[in-house]
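Structure data follow from my_file-v3.csv (CSV, C-alpha atoms):
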chain,number,residue,atom,x,y,z
A,930,ASP,CA,0.0,0.0,0.0
A,931,ALA,CA,1.1,3.6,-0.7
A,932,LYS,CA,2.5,5.5,2.2
A,933,THR,CA,1.0,8.8,3.3
A,934,THR,CA,2.5,12.0,4.8
A,935,GLN,CA,0.6,14.2,7.2
A,936,PRO,CA,1.6,17.2,9.4
A,937,THR,CA,2.2,16.2,13.0
A,938,SER,CA,-0.2,18.7,14.4
A,939,MET,CA,-2.7,21.4,13.5
A,940,ASP,CA,-4.8,23.9,15.4
A,941,CYS,CA,-8.2,25.3,14.5
A,942,ALA,CA,-10.6,27.8,16.0
A,943,GLU,CA,-14.1,26.5,17.0
A,944,GLY,CA,-16.6,27.2,14.2
A,945,ARG,CA,-14.0,27.6,11.5
A,946,ALA,CA,-13.2,25.1,8.8
A,947,ALA,CA,-10.4,22.6,9.5
A,948,ASN,CA,-8.4,21.6,6.4
A,949,LEU,CA,-6.2,18.6,7.0
A,950,PRO,CA,-3.7,17.8,4.2
A,951,CYS,CA,-2.3,14.4,3.2
A,952,ASN,CA,0.3,13.5,0.6
A,953,HIS,CA,0.2,10.1,-1.1
A,954,SER,CA,2.5,10.6,-4.1
A,955,THR,CA,3.0,6.9,-4.7
A,956,ILE,CA,-0.7,6.0,-4.8
A,957,SER,CA,-1.8,3.5,-7.4
A,958,GLY,CA,-4.7,3.8,-9.8
A,959,ASN,CA,-7.0,1.4,-7.8
A,960,GLU,CA,-6.1,2.6,-4.3
A,961,TYR,CA,-8.6,4.4,-2.2
A,962,VAL,CA,-7.9,7.3,0.2
A,963,TYR,CA,-9.6,6.7,3.6
A,964,TRP,CA,-9.8,9.0,6.6
A,965,TYR,CA,-10.3,7.9,10.1
A,966,ARG,CA,-10.0,9.8,13.4
A,967,GLN,CA,-9.3,8.6,16.9
A,968,ILE,CA,-10.6,10.6,19.9
A,969,HIS,CA,-8.6,10.0,23.0
A,970,SER,CA,-9.1,6.5,24.5
A,971,GLN,CA,-11.6,5.4,21.8
A,972,GLY,CA,-11.3,3.2,18.7
A,973,PRO,CA,-10.7,4.8,15.3
A,974,GLN,CA,-13.8,6.2,13.7
A,975,TYR,CA,-14.5,6.1,10.0
A,976,ILE,CA,-15.0,9.5,8.4
A,977,ILE,CA,-14.9,9.3,4.6
A,978,HIS,CA,-13.2,7.7,1.7
A,979,GLY,CA,-12.8,8.3,-2.0
A,980,LEU,CA,-11.0,7.2,-5.2
A,981,LYS,CA,-10.9,10.1,-7.7
A,982,ASN,CA,-13.9,12.3,-7.2
A,983,ASN,CA,-14.5,14.6,-4.3
A,984,GLU,CA,-16.8,13.2,-1.7
A,985,THR,CA,-19.0,14.7,1.0
A,986,ASN,CA,-21.0,13.2,3.8
A,987,GLU,CA,-22.5,14.4,7.0
A,988,MET,CA,-19.2,14.5,8.8
A,989,ALA,CA,-16.7,15.9,6.2
A,990,SER,CA,-15.7,16.6,2.7
A,991,LEU,CA,-12.8,14.9,0.9
A,992,ILE,CA,-11.0,16.8,-1.9
A,993,ILE,CA,-8.6,14.7,-4.0
A,994,THR,CA,-6.3,16.4,-6.5
A,995,GLU,CA,-6.6,15.5,-10.1
A,996,ASP,CA,-3.3,13.6,-10.1
A,997,ARG,CA,-4.4,11.9,-6.9
A,998,LYS,CA,-1.1,12.5,-5.2
A,999,SER,CA,-2.6,14.5,-2.4
A,1000,SER,CA,-5.9,15.1,-0.7
A,1001,THR,CA,-7.5,17.3,1.9
A,1002,LEU,CA,-10.1,16.4,4.6
A,1003,ILE,CA,-12.4,19.4,5.4
A,1004,LEU,CA,-14.4,19.7,8.6
A,1005,PRO,CA,-16.6,22.6,7.6
A,1006,HIS,CA,-17.4,23.9,11.1
A,1007,ALA,CA,-15.0,22.4,13.7
A,1008,THR,CA,-16.2,21.9,17.2
A,1009,LEU,CA,-14.3,21.0,20.4
A,1010,ARG,CA,-15.5,17.4,19.9
A,1011,ASP,CA,-13.5,17.2,16.7
A,1012,THR,CA,-10.2,17.4,18.6
A,1013,ALA,CA,-8.6,14.0,17.7
A,1014,VAL,CA,-5.9,12.3,15.8
A,1015,TYR,CA,-6.8,12.2,12.1
A,1016,TYR,CA,-5.4,9.4,10.0
A,1017,CYS,CA,-5.1,9.4,6.2
A,1018,ILE,CA,-4.7,5.9,4.8
A,1019,VAL,CA,-4.3,4.5,1.3
A,1020,SER,CA,-5.9,1.1,0.9
A,1021,SER,CA,-6.0,-1.2,-2.0
A,1022,PRO,CA,-9.4,-2.6,-3.0
A,1023,ASN,CA,-7.8,-5.2,-5.3
A,1024,ALA,CA,-9.4,-8.5,-4.5
A,1025,GLY,CA,-6.7,-10.2,-6.4
A,1026,GLY,CA,-4.0,-8.9,-4.1
A,1027,THR,CA,-3.0,-9.9,-0.7
A,1028,SER,CA,-3.8,-6.9,1.4
A,1029,TYR,CA,-7.4,-8.0,2.1
A,1030,GLY,CA,-8.2,-4.4,2.9
A,1031,LYS,CA,-6.0,-4.2,6.0
A,1032,LEU,CA,-5.3,-0.6,7.0
A,1033,THR,CA,-1.8,0.7,7.4
A,1034,PHE,CA,-1.9,3.6,9.8
A,1035,GLY,CA,0.8,6.3,10.0
A,1036,GLN,CA,1.3,8.7,12.9
A,1037,GLY,CA,-1.7,10.9,11.8
A,1038,THR,CA,-2.3,14.6,12.5
A,1039,ILE,CA,-3.2,15.8,16.0
A,1040,LEU,CA,-6.0,18.3,15.4
A,1041,THR,CA,-6.7,20.6,18.4
A,1042,VAL,CA,-9.8,22.7,18.2
A,1043,HIS,CA,-9.7,25.8,20.4
A,1044,PRO,CA,-12.6,27.8,21.8
B,1251,GLY,CA,-27.6,-0.7,15.4
B,1252,ALA,CA,-25.0,-2.2,17.7
B,1253,GLY,CA,-21.4,-1.5,16.8
B,1254,VAL,CA,-18.3,-3.7,17.4
B,1255,SER,CA,-17.9,-4.6,21.1
B,1256,GLN,CA,-14.8,-5.8,22.9
B,1257,THR,CA,-14.3,-7.3,26.3
B,1258,PRO,CA,-12.8,-6.7,28.7
B,1259,SER,CA,-12.2,-3.0,28.3
B,1260,ASN,CA,-9.2,-3.3,30.5
B,1261,LYS,CA,-7.0,-6.3,31.4
B,1262,VAL,CA,-4.1,-6.3,33.8
B,1263,THR,CA,-2.1,-9.5,34.0
B,1264,GLU,CA,1.3,-10.6,35.2
B,1265,LYS,CA,4.2,-11.5,33.0
B,1266,GLY,CA,4.0,-15.1,31.9
B,1267,LYS,CA,0.3,-15.4,32.2
B,1268,TYR,CA,-2.2,-16.3,29.5
B,1269,VAL,CA,-4.9,-13.9,28.3
B,1270,GLU,CA,-7.9,-13.9,26.0
B,1271,LEU,CA,-9.4,-10.9,24.4
B,1272,ARG,CA,-12.9,-11.1,22.9
B,1273,CYS,CA,-14.4,-9.2,19.9
B,1274,ASP,CA,-18.1,-9.2,18.9
B,1275,PRO,CA,-18.3,-7.8,15.3
B,1276,ILE,CA,-21.3,-6.0,13.8
B,1277,SER,CA,-24.0,-8.6,12.9
B,1278,GLY,CA,-23.6,-9.7,9.3
B,1279,HIS,CA,-20.0,-8.6,8.9
B,1280,THR,CA,-18.0,-11.5,7.5
B,1281,ALA,CA,-14.6,-9.8,7.7
B,1282,LEU,CA,-12.9,-9.2,11.0
B,1283,TYR,CA,-9.5,-7.6,11.7
B,1284,TRP,CA,-7.3,-7.3,14.8
B,1285,TYR,CA,-4.9,-4.4,15.3
B,1286,ARG,CA,-2.6,-3.5,18.1
B,1287,GLN,CA,-1.8,0.1,19.2
B,1288,SER,CA,1.1,1.0,21.3
B,1289,LEU,CA,1.3,4.3,23.1
B,1290,GLY,CA,1.7,7.2,20.8
B,1291,GLN,CA,1.5,5.1,17.7
B,1292,GLY,CA,-1.1,4.3,15.1
B,1293,PRO,CA,-2.8,0.9,15.1
B,1294,GLU,CA,-0.8,-2.0,13.5
B,1295,PHE,CA,-2.4,-4.9,11.7
B,1296,LEU,CA,-2.3,-8.3,13.3
B,1297,ILE,CA,-4.7,-10.7,11.6
B,1298,TYR,CA,-7.6,-10.8,9.2
B,1299,PHE,CA,-10.5,-13.3,9.2
B,1300,GLN,CA,-12.9,-13.9,6.3
B,1301,GLY,CA,-15.6,-16.0,7.8
B,1302,THR,CA,-14.0,-18.7,10.1
B,1303,GLY,CA,-10.6,-18.8,8.5
B,1304,ALA,CA,-7.6,-16.6,9.1
B,1305,ALA,CA,-6.8,-15.4,5.6
B,1306,ASP,CA,-3.8,-13.2,6.7
B,1307,ASP,CA,-2.0,-13.6,9.9
B,1308,SER,CA,1.2,-11.8,8.7
B,1309,GLY,CA,1.0,-9.2,11.5
B,1310,LEU,CA,1.1,-11.5,14.4
B,1311,PRO,CA,4.4,-10.8,16.1
B,1312,ASN,CA,5.3,-14.3,17.2
B,1313,ASP,CA,3.8,-17.7,18.0
B,1314,ARG,CA,2.7,-16.6,21.4
B,1315,PHE,CA,-0.2,-14.8,19.6
B,1316,PHE,CA,-3.1,-16.8,18.2
B,1317,ALA,CA,-6.7,-15.9,17.2
B,1318,VAL,CA,-9.8,-17.9,16.4
B,1319,ARG,CA,-13.2,-17.3,15.0
B,1320,PRO,CA,-14.9,-20.7,15.1
B,1321,GLU,CA,-18.4,-19.8,14.0
B,1322,GLY,CA,-17.5,-16.8,11.8
B,1323,SER,CA,-18.8,-14.2,14.2
B,1324,VAL,CA,-17.1,-13.7,17.6
B,1325,SER,CA,-13.3,-13.8,17.6
B,1326,THR,CA,-10.9,-14.3,20.4
B,1327,LEU,CA,-7.3,-13.2,20.4
B,1328,LYS,CA,-5.1,-15.4,22.7
B,1329,ILE,CA,-1.7,-14.4,24.0
B,1330,GLN,CA,0.4,-17.0,25.8
B,1331,ARG,CA,3.3,-16.3,28.2
B,1332,THR,CA,2.6,-12.6,28.2
B,1333,GLU,CA,5.5,-10.2,28.2
B,1334,ARG,CA,5.7,-6.6,29.3
B,1335,GLY,CA,6.1,-5.6,25.7
B,1336,ASP,CA,2.7,-7.0,24.9
B,1337,SER,CA,1.1,-4.1,26.8
B,1338,ALA,CA,-1.0,-2.1,24.3
B,1339,VAL,CA,-4.5,-1.4,23.2
B,1340,TYR,CA,-5.9,-4.3,21.1
B,1341,LEU,CA,-8.4,-3.1,18.6
B,1342,CYS,CA,-10.9,-5.2,16.6
B,1343,ALA,CA,-12.7,-4.0,13.4
B,1344,SER,CA,-15.3,-5.6,11.2
B,1345,SER,CA,-16.6,-5.0,7.7
B,1346,LEU,CA,-19.1,-6.4,5.3
B,1347,GLY,CA,-16.3,-8.0,3.4
B,1348,ALA,CA,-12.7,-7.5,2.7
B,1349,PHE,CA,-12.1,-4.0,1.2
B,1350,SER,CA,-15.3,-2.7,2.7
B,1351,THR,CA,-15.2,0.1,5.3
B,1352,GLN,CA,-14.0,-1.1,8.6
B,1353,TYR,CA,-15.7,-0.2,11.8
B,1354,PHE,CA,-13.7,-0.4,15.0
B,1355,GLY,CA,-14.5,-1.4,18.5
B,1356,PRO,CA,-13.4,0.6,21.6
B,1357,GLY,CA,-10.4,-1.7,22.2
B,1358,THR,CA,-9.0,-3.7,25.1
B,1359,ARG,CA,-6.2,-2.1,27.1
B,1360,LEU,CA,-3.8,-4.8,28.1
B,1361,THR,CA,-1.3,-4.1,30.8
B,1362,VAL,CA,1.4,-6.7,31.6
B,1363,LEU,CA,3.1,-6.1,34.9

This entry written out as structure tokens:
Amino acid sequence: DAKTTQPTSMDCAEGRAANLPCNHSTISGNEYVYWYRQIHSQGPQYIIHGLKNNETNEMASLIITEDRKSSTLILPHATLRDTAVYYCIVSSPNAGGTSYGKLTFGQGTILTVHP
Amino acid sequence: GAGVSQTPSNKVTEKGKYVELRCDPISGHTALYWYRQSLGQGPEFLIYFQGTGAADDSGLPNDRFFAVRPEGSVSTLKIQRTERGDSAVYLCASSLGAFSTQYFGPGTRLTVL
């Protein structure tokens, strides 16, 4: 699976948009970009995923560049409860491969939302 | 509906003892994964089950670690002769199938004294 690079930490003011970047320059054509977050002492929580097109759900938006080498997770109106570690993961969906969809987590970005 | 549950939430044991950690996946999910998370690190893959069989156990650190899923639902991670280095949070995730979105449980915090 392709590796990802994320900033170690970011700050955001409550009510403002939080934009979390991720670089995945070695991503393959069939690999998806997944975002999970982990609030202190809890299991990782799925946020969103995408292949090529931008995606939006009730939690966030995912913007993937045209060359797919980077992406940005957008939390449109951050709240204090969004303070967490955010993981960007590239996962192969190829059923013929051997990854079986296992997720390879990096260090993630610690997002701190301030009042 | 009910999410992934894991028991116990905390387990303290002594070096050399045997422990079992249980995972109840979301009903209907055929794929089940175990991960281990050390302090300050992201989760690391241990083993993957598709149904009752372990399709990929490449992440198990050594032969003291073993996992089963006899009926294709509940899974148990077993650790023999525990060592202090086994102390970590053990996470379980399930999905409809391989390559589907994984949903995680709250984890079991294992402390080996």

| query | Which residues, written as a list in words, have at least one atom at most 6 Å from segment 1342-1345 of chain B, with only C-alpha atoms counted and residues fewer than 4 positions away on the same chain left out? | reply | Pro1275, His1279, Ala1281, Leu1282, Tyr1283, Trp1284, Ser1350, Thr1351, Gln1352, Tyr1353, Phe1354 and Gly1355 of chain B

| message | For a quick test of understanding: name the residues of chain B lying within 7 Å of chain A when counting all atoms listed in the file, and present them as a list in words. | response |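 Those within range of chain A come out as Gln1291, Gly1292, Pro1293, Glu1294, Phe1295, Leu1341, Ala1348, Phe1349, Tyr1353, Phe1354, Gly1355, Pro1356 and Gly1357 of chain B.
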
| request: Rank nothing, just name the residue among A:Thr1008, A:Gln935, A:Ser954, A:Thr1038 nearest to Glu995 of chain A, using all atoms listed in the file. | output: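 The closest residue to Glu995 of chain A is A:Ser954.
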
| task | Using atom CA of Thr1257 of chain B and atom CA of Tyr1298 of chain B as the two end points, give the distance in Å to one decimal. | result |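 Separation between atom CA of Thr1257 of chain B and atom CA of Tyr1298 of chain B: 18.7 Å.
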
| query | Any idea what the distance is between atom CA of Thr1263 of chain B and atom CA of Gln1287 of chain B? | reply |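 Taking atom CA of Thr1263 of chain B as the start and atom CA of Gln1287 of chain B as the end point, the length is 17.6 Å.
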
| Neighbour list for Ser1000 of chain A as a ChimeraX atom specification, cut-off 10 Å, only C-alpha atoms, skip fewer than 6 positions in-chain | /A:948-953,962,979,981,983,991-994,1017

| query | What lies within 6 Å of Ser990 of chain A using only C-alpha atoms, ignoring chain neighbours under 4 positions off, as a PyMOL selection string? | reply | chain A and resi 984-985+1002-1003

| message | What does the structure give for the distance between atom CA of Pro1258 of chain B and atom CA of Pro1311 of chain B, in Å to one decimal? | response | 21.7 Å

| request: Rank A:Leu1004, A:Leu980, A:Val1019, A:Ala1013 by their smallest atom-to-atom distance to Arg945 of chain A, using only C-alpha atoms, and report the top residue only. | output: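 Once distances to Arg945 of chain A are computed over only C-alpha atoms, the minimum belongs to A:Leu1004.
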
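Of the listed residues A:Thr1041, A:Asn982, A:Ser999, A:Ser938, the one whose atoms come nearest to Thr1012 of chain A is A:Thr1041, with distances taken using only C-alpha atoms.
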
| Near Ser1259 of chain B, counting all atoms listed in the file, which residues have an atom at most 10 Å away, once you skip same-chain residues fewer than 2 positions from it, shown as a ChimeraX atom specification? | /B:1255-1257,1261,1271-1272,1339-1340,1356-1360

Write a file of the just-selected residues containing C-alpha atoms, as a PDB file, keeping the file's coordinate frame.
ATOM      1  CA  SER B1255     -17.900  -4.600  21.100  1.00  0.00           C
ATOM      2  CA  GLN B1256     -14.800  -5.800  22.900  1.00  0.00           C
ATOM      3  CA  THR B1257     -14.300  -7.300  26.300  1.00  0.00           C
ATOM      4  CA  LYS B1261      -7.000  -6.300  31.400  1.00  0.00           C
ATOM      5  CA  LEU B1271      -9.400 -10.900  24.400  1.00  0.00           C
ATOM      6  CA  ARG B1272     -12.900 -11.100  22.900  1.00  0.00           C
ATOM      7  CA  VAL B1339      -4.500  -1.400  23.200  1.00  0.00           C
ATOM      8  CA  TYR B1340      -5.900  -4.300  21.100  1.00  0.00           C
ATOM      9  CA  PRO B1356     -13.400   0.600  21.600  1.00  0.00           C
ATOM     10  CA  GLY B1357     -10.400  -1.700  22.200  1.00  0.00           C
ATOM     11  CA  THR B1358      -9.000  -3.700  25.100  1.00  0.00           C
ATOM     12  CA  ARG B1359      -6.200  -2.100  27.100  1.00  0.00           C
ATOM     13  CA  LEU B1360      -3.800  -4.800  28.100  1.00  0.00           C
TER      14      LEU B1360
END
